[in-house]
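Chemist: Just one file: structure-v5.cif, with mmCIF, C-alpha atoms.
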data_coords
#
loop_
_atom_site.label_atom_id
_atom_site.label_comp_id
_atom_site.auth_asym_id
_atom_site.auth_seq_id
_atom_site.Cartn_x
_atom_site.Cartn_y
_atom_site.Cartn_z
CA MET A 314 -64.83 -82.71 2.63
CA SER A 315 -65.83 -80.50 -0.25
CA GLU A 316 -63.91 -77.26 -0.88
CA PRO A 317 -65.80 -74.05 -0.14
CA THR A 318 -67.27 -72.35 -3.17
CA PRO A 319 -65.38 -69.10 -3.87
CA TYR A 320 -67.55 -65.96 -3.90
CA PRO A 321 -67.59 -64.09 -7.19
CA ASP A 322 -65.81 -60.75 -7.36
CA PRO A 323 -68.24 -57.85 -6.90
CA ALA A 324 -69.19 -56.02 -10.09
CA PRO A 325 -67.51 -52.62 -10.55
CA GLN A 326 -69.73 -49.70 -9.51
CA ALA A 327 -69.92 -46.27 -11.09
CA PRO A 328 -68.55 -43.51 -8.91
CA SER A 329 -71.11 -41.43 -7.03
CA PRO A 330 -71.86 -38.11 -8.72
CA LEU A 331 -71.36 -36.38 -5.34
CA ILE A 332 -67.79 -37.62 -4.99
CA SER A 333 -65.10 -36.29 -7.28
CA THR A 334 -62.65 -38.81 -8.66
CA ASP A 335 -60.29 -36.10 -9.92
CA PRO A 336 -56.99 -35.76 -8.07
CA ALA A 337 -56.82 -32.98 -5.51
CA PRO A 338 -55.06 -29.78 -6.62
CA ALA A 339 -51.46 -29.39 -5.63
CA SER A 340 -52.13 -26.15 -3.75
CA PHE A 341 -54.99 -23.90 -2.79
CA ASP A 342 -54.85 -20.19 -2.17
CA ALA A 343 -57.38 -19.20 0.46
CA THR A 344 -57.54 -15.66 -0.96
CA GLU A 345 -58.79 -16.96 -4.28
CA GLN A 346 -62.53 -17.46 -4.24
CA PRO A 347 -64.86 -18.31 -7.08
CA PRO A 348 -66.92 -15.43 -8.43
CA SER A 349 -70.04 -16.90 -6.84
CA ALA A 350 -68.47 -16.61 -3.37
CA GLY A 351 -67.89 -12.87 -3.63
CA ARG A 352 -69.37 -10.01 -5.55
CA PRO A 353 -70.11 -10.62 -9.23
CA PRO A 354 -67.46 -9.55 -11.74
CA PHE A 355 -67.73 -5.97 -12.96
CA LEU A 356 -69.16 -5.54 -16.45
CA PRO A 357 -68.74 -2.05 -17.91
CA ASP A 358 -71.72 -0.45 -19.61
CA PRO A 359 -71.34 -1.31 -23.32
CA SER A 360 -73.26 1.82 -24.32
CA LEU A 361 -70.30 3.93 -23.14
CA ASP A 362 -67.79 2.21 -25.41
CA GLY A 363 -66.32 4.22 -28.25
CA MET A 364 -64.57 7.51 -28.86
CA PRO A 365 -66.10 10.76 -27.57
CA ALA A 366 -67.90 13.07 -29.96
CA GLY A 367 -65.85 15.31 -32.21
CA ILE A 368 -62.49 13.80 -31.29
CA GLU A 369 -59.80 13.99 -33.95
CA GLU A 370 -56.03 14.24 -34.19
CA PRO A 371 -53.98 15.44 -32.44
CA PHE A 372 -56.43 14.75 -29.59
CA ALA A 373 -56.99 11.06 -30.35
CA PRO A 374 -53.93 8.90 -29.58
CA PRO A 375 -54.38 5.35 -30.84
CA SER A 376 -56.27 3.09 -28.47
CA ASP A 377 -58.92 0.42 -28.81
CA ALA A 378 -60.41 1.10 -25.38
CA TRP A 379 -61.92 4.59 -25.57
CA ARG A 380 -64.76 5.16 -23.11
CA ARG A 381 -67.25 8.01 -22.74
CA VAL A 382 -68.74 9.39 -19.53
CA SER A 383 -72.34 8.76 -18.54
CA PRO A 384 -74.99 10.90 -20.30
CA LYS A 385 -76.60 11.31 -16.85
CA LEU A 386 -73.95 13.97 -16.26
CA THR A 387 -75.99 16.22 -18.58
CA THR A 388 -78.75 16.52 -15.98
CA VAL A 389 -76.23 17.34 -13.25
CA LYS A 390 -74.64 20.09 -15.35
CA ARG A 391 -78.04 21.59 -16.16
CA ILE A 392 -79.07 21.64 -12.51
CA ASN A 393 -75.76 23.20 -11.48
CA ALA A 394 -76.08 25.88 -14.17
CA SER A 395 -79.62 26.68 -13.02
CA ALA A 396 -78.60 26.80 -9.35
CA TRP A 397 -75.74 29.28 -9.73
CA LEU A 398 -77.09 31.43 -12.59
CA LEU A 399 -80.86 31.87 -12.17
CA PRO A 400 -81.00 33.12 -8.53
CA PRO A 401 -78.46 35.95 -9.09
CA THR A 402 -80.22 36.91 -12.32
CA VAL A 403 -83.61 37.15 -10.61
CA ALA A 404 -82.19 38.94 -7.56
CA GLY A 405 -80.28 41.47 -9.68
CA SER A 406 -83.28 42.20 -11.87
CA LEU A 407 -85.57 42.77 -8.87
CA ALA A 408 -83.01 44.95 -7.12
CA ILE A 409 -82.66 47.20 -10.15
CA TRP A 410 -86.43 47.37 -10.64
CA PHE A 411 -87.27 48.36 -7.07
CA LEU A 412 -84.18 50.34 -6.04
CA LEU A 413 -83.14 52.19 -9.18
CA ASP A 414 -86.17 54.01 -10.52
CA SER A 415 -84.18 55.99 -13.06
CA VAL A 416 -82.86 52.86 -14.81
CA LYS A 417 -85.69 50.38 -14.36
CA TRP A 418 -85.28 49.40 -17.97
CA ALA A 419 -81.88 47.87 -17.05
CA ALA A 420 -83.73 45.15 -15.11
CA PHE A 421 -85.04 43.75 -18.38
CA GLY A 422 -81.52 43.74 -19.81
CA VAL A 423 -80.11 41.85 -16.84
CA ALA A 424 -82.96 39.33 -16.96
CA ALA A 425 -82.58 38.82 -20.71
CA ALA A 426 -78.80 38.38 -20.48
CA GLY A 427 -79.12 35.88 -17.64
CA LEU A 428 -81.83 33.93 -19.43
CA ILE A 429 -79.86 33.77 -22.69
CA TRP A 430 -76.74 32.62 -20.83
CA TRP A 431 -78.74 29.95 -18.93
CA LEU A 432 -80.39 28.73 -22.14
CA TRP A 433 -76.99 28.49 -23.85
CA LEU A 434 -75.57 26.39 -21.01
CA TRP A 435 -78.71 24.21 -20.97
CA LEU A 436 -78.54 23.43 -24.69
CA ARG A 437 -74.76 23.04 -24.67
CA ALA A 438 -74.62 20.56 -21.77
CA PRO A 439 -75.20 17.36 -23.85
CA ARG A 440 -72.39 18.29 -26.24
CA VAL A 441 -70.00 19.06 -23.38
CA VAL A 442 -70.71 15.67 -21.80
CA ALA A 443 -70.37 13.84 -25.12
CA ALA A 444 -66.92 15.41 -25.64
CA TYR A 445 -65.49 13.82 -22.47
CA GLY A 446 -63.62 10.57 -22.95
CA TRP A 447 -60.80 8.47 -21.54
CA ALA A 448 -58.69 5.53 -22.64
CA GLN A 449 -56.37 3.21 -20.78
CA ARG A 450 -53.24 2.17 -22.68
CA ASP A 451 -50.30 -0.04 -21.69
CA ASN A 452 -48.36 2.63 -19.80
CA ASP A 453 -50.62 5.64 -19.47
CA LEU A 454 -54.15 7.02 -19.29
CA CYS A 455 -55.55 9.47 -21.87
CA VAL A 456 -58.26 12.00 -20.98
CA VAL A 457 -59.85 14.26 -23.60
CA SER A 458 -62.45 17.02 -23.14
CA GLY A 459 -63.66 20.32 -24.54
CA LEU A 460 -65.69 21.64 -27.46
CA MET A 461 -64.23 24.85 -28.86
CA PHE A 462 -61.09 24.51 -26.75
CA LYS A 463 -60.14 20.85 -26.73
CA SER A 464 -57.73 19.35 -24.24
CA LEU A 465 -55.82 16.06 -24.18
CA THR A 466 -53.96 14.96 -21.07
CA ILE A 467 -51.82 11.81 -21.04
CA VAL A 468 -50.92 10.64 -17.53
CA PRO A 469 -48.18 7.99 -17.21
CA PHE A 470 -48.97 5.39 -14.57
CA GLY A 471 -45.55 5.83 -13.01
CA ARG A 472 -46.18 9.54 -12.30
CA MET A 473 -49.50 9.19 -10.48
CA GLN A 474 -49.29 10.23 -6.83
CA THR A 475 -52.92 10.43 -5.75
CA ILE A 476 -56.26 9.23 -7.08
CA LYS A 477 -59.35 11.05 -5.81
CA VAL A 478 -62.92 9.85 -6.17
CA THR A 479 -65.46 12.56 -5.36
CA ALA A 480 -69.22 12.98 -5.70
CA GLY A 481 -71.62 15.62 -4.49
CA PRO A 482 -75.30 15.04 -3.71
CA LEU A 483 -76.39 15.46 -7.33
CA LEU A 484 -73.80 13.02 -8.65
CA ARG A 485 -74.59 10.45 -5.98
CA ALA A 486 -78.29 10.74 -6.72
CA ARG A 487 -77.55 9.81 -10.34
CA GLY A 488 -75.12 7.03 -9.40
CA LEU A 489 -72.06 8.94 -10.69
CA ALA A 490 -68.65 9.96 -9.41
CA ASN A 491 -65.64 12.02 -10.49
CA VAL A 492 -62.18 10.46 -10.68
CA GLU A 493 -59.18 12.80 -10.42
CA PHE A 494 -55.56 11.79 -11.07
CA VAL A 495 -52.92 13.88 -9.29
CA THR A 496 -49.33 13.66 -10.53
CA ALA A 497 -45.98 15.13 -9.54
CA SER A 498 -46.71 18.12 -11.80
CA ALA A 499 -49.96 20.05 -11.49
CA SER A 500 -49.95 20.69 -15.23
CA THR A 501 -50.41 16.98 -15.94
CA ASP A 502 -53.29 16.39 -13.51
CA ALA A 503 -56.41 15.00 -15.14
CA SER A 504 -59.97 14.16 -14.15
CA VAL A 505 -62.82 12.13 -15.59
CA PRO A 506 -66.20 13.49 -14.44
CA GLY A 507 -69.53 11.73 -14.40
CA MET A 508 -68.40 8.12 -14.46
CA PRO A 509 -70.79 5.39 -13.24
CA ALA A 510 -69.88 4.79 -9.59
CA ASP A 511 -69.02 1.10 -10.12
CA GLU A 512 -66.77 1.94 -13.06
CA ALA A 513 -65.10 4.72 -11.05
CA LYS A 514 -64.28 2.20 -8.32
CA GLU A 515 -62.86 -0.29 -10.83
CA LEU A 516 -60.77 2.42 -12.50
CA ARG A 517 -59.49 3.59 -9.11
CA ASP A 518 -58.38 0.08 -8.13
CA LEU A 519 -56.86 -0.57 -11.55
CA MET A 520 -54.86 2.67 -11.50
CA ILE A 521 -53.55 1.86 -8.02
CA GLU A 522 -52.44 -1.57 -9.19
CA LEU A 523 -50.78 -0.28 -12.35
CA SER A 524 -49.11 2.61 -10.53
CA ASP A 525 -47.67 0.20 -7.96
CA ALA A 526 -46.37 -1.93 -10.83
CA GLU A 527 -44.70 1.14 -12.35
CA GLY A 528 -43.06 2.01 -9.05
CA SER A 529 -44.99 5.14 -8.07
CA GLY A 530 -46.63 3.41 -5.10
CA LEU A 531 -49.94 5.15 -4.59
#
Go ahead and express the file in the form of structure tokens.

Modeler:
Amino acid sequence: MSEPTPYPDPAPQAPSPLISTDPAPASFDATEQPPSAGRPPFLPDPSLDGMPAGIEEPFAPPSDAWRRVSPKLTTVKRINASAWLLPPTVAGSLAIWFLLDSVKWAAFGVAAAGLIWWLWLWLRAPRVVAAYGWAQRDNDLCVVSGLMFKSLTIVPFGRMQTIKVTAGPLLRARGLANVEFVTASASTDASVPGMPADEAKELRDLMIELSDAEGSGL
């Protein structure tokens, strides 16, 4: 009887592209999800990078991460100035004109003063907004503001007690928010107005994380 003919060994096949041949990871954290599974990573507006206008020592502590506030805040400031200044000016001028016959000329003075003040605030608003700036450093947050009277506030992460994010109708309509940092001492409180809403949220979460790391426990 003849011996059976052995079958040749099958040729090696390339692995299927749908099956991974890599070893499985040692562990998997269910809280860690790829960026595609959640919201996209936050990317700050590059146009707001850089130091605020007119900043100089001693109001410019060294930092490579200076940020400015949104120029959209200019419109909000102009609308606010118009809302609280123009109606009283008009009402006062009309009241003097119709109720005080002997000094009707004073109505023109009130109207002129109110108009000049409103025009000054209107033209000054872009410079005020451009002077706002903030910078995050290793252990603190720097906030600078002001034109004629400049102010620099340095808030250590470990002293933060409360972080407030606020926005009125005008700010929300422009996609902005204010971020306020409350510390153990009222004299060291600081606020950054007119930040893009997404950036305000990221700064809020970051400050909470850093404050917890420093032991303040927001």

Chemist: Quick one: which range 356-379 of chain A residues come within 10 Å of range 456-471 of chain A, and what is the nearest atom pair for each with the distance in Å to one decimal, counting all atoms listed in the file, rows ordered by chain and ascending number, as a tab-separated table?

Modeler:
residue	atom	partner	partner_atom	distance
A:Met364	CA	A:Val457	CA	9.8
A:Pro365	CA	A:Val457	CA	8.2
A:Ala366	CA	A:Leu460	CA	9.2
A:Gly367	CA	A:Leu460	CA	7.9
A:Ile368	CA	A:Val457	CA	8.1
A:Glu369	CA	A:Lys463	CA	10.0
A:Pro371	CA	A:Leu465	CA	8.5
A:Phe372	CA	A:Leu465	CA	5.6
A:Ala373	CA	A:Val457	CA	8.0
A:Pro374	CA	A:Leu465	CA	9.2
A:Trp379	CA	A:Val456	CA	9.5

Chemist: Can you tell me, as a list of chain:residue names, what residues are no more than 10 Å from Asp377 in chain A when counting only C-alpha atoms, ignoring any on the same chain fewer than 3 positions away?

Modeler: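 The residues that qualify are A:Asp362, A:Gly363, A:Met364, A:Pro374, A:Arg380, A:Ala448, A:Gln449, A:Arg450.
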
Chemist: For CA of Trp447 in chain A and CA of Val505 in chain A, quote the distance in Å rounded to one decimal.

Modeler: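 So the answer is 7.3 Å.
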
Chemist: Rounded to one decimal, what separation in Å do you get between CA of Ala443 in chain A and CA of Met473 in chain A?

Modeler: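 Taking CA of Ala443 in chain A as the start and CA of Met473 in chain A as the end point, the length is 25.9 Å.
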
Chemist: Spell out the residues picked by the PyMOL selection byres ((chain A and resi 356) around 10) here, as an MDAnalysis selection string.

Modeler: chainID A and resid 353:355 357:359 511:512 515
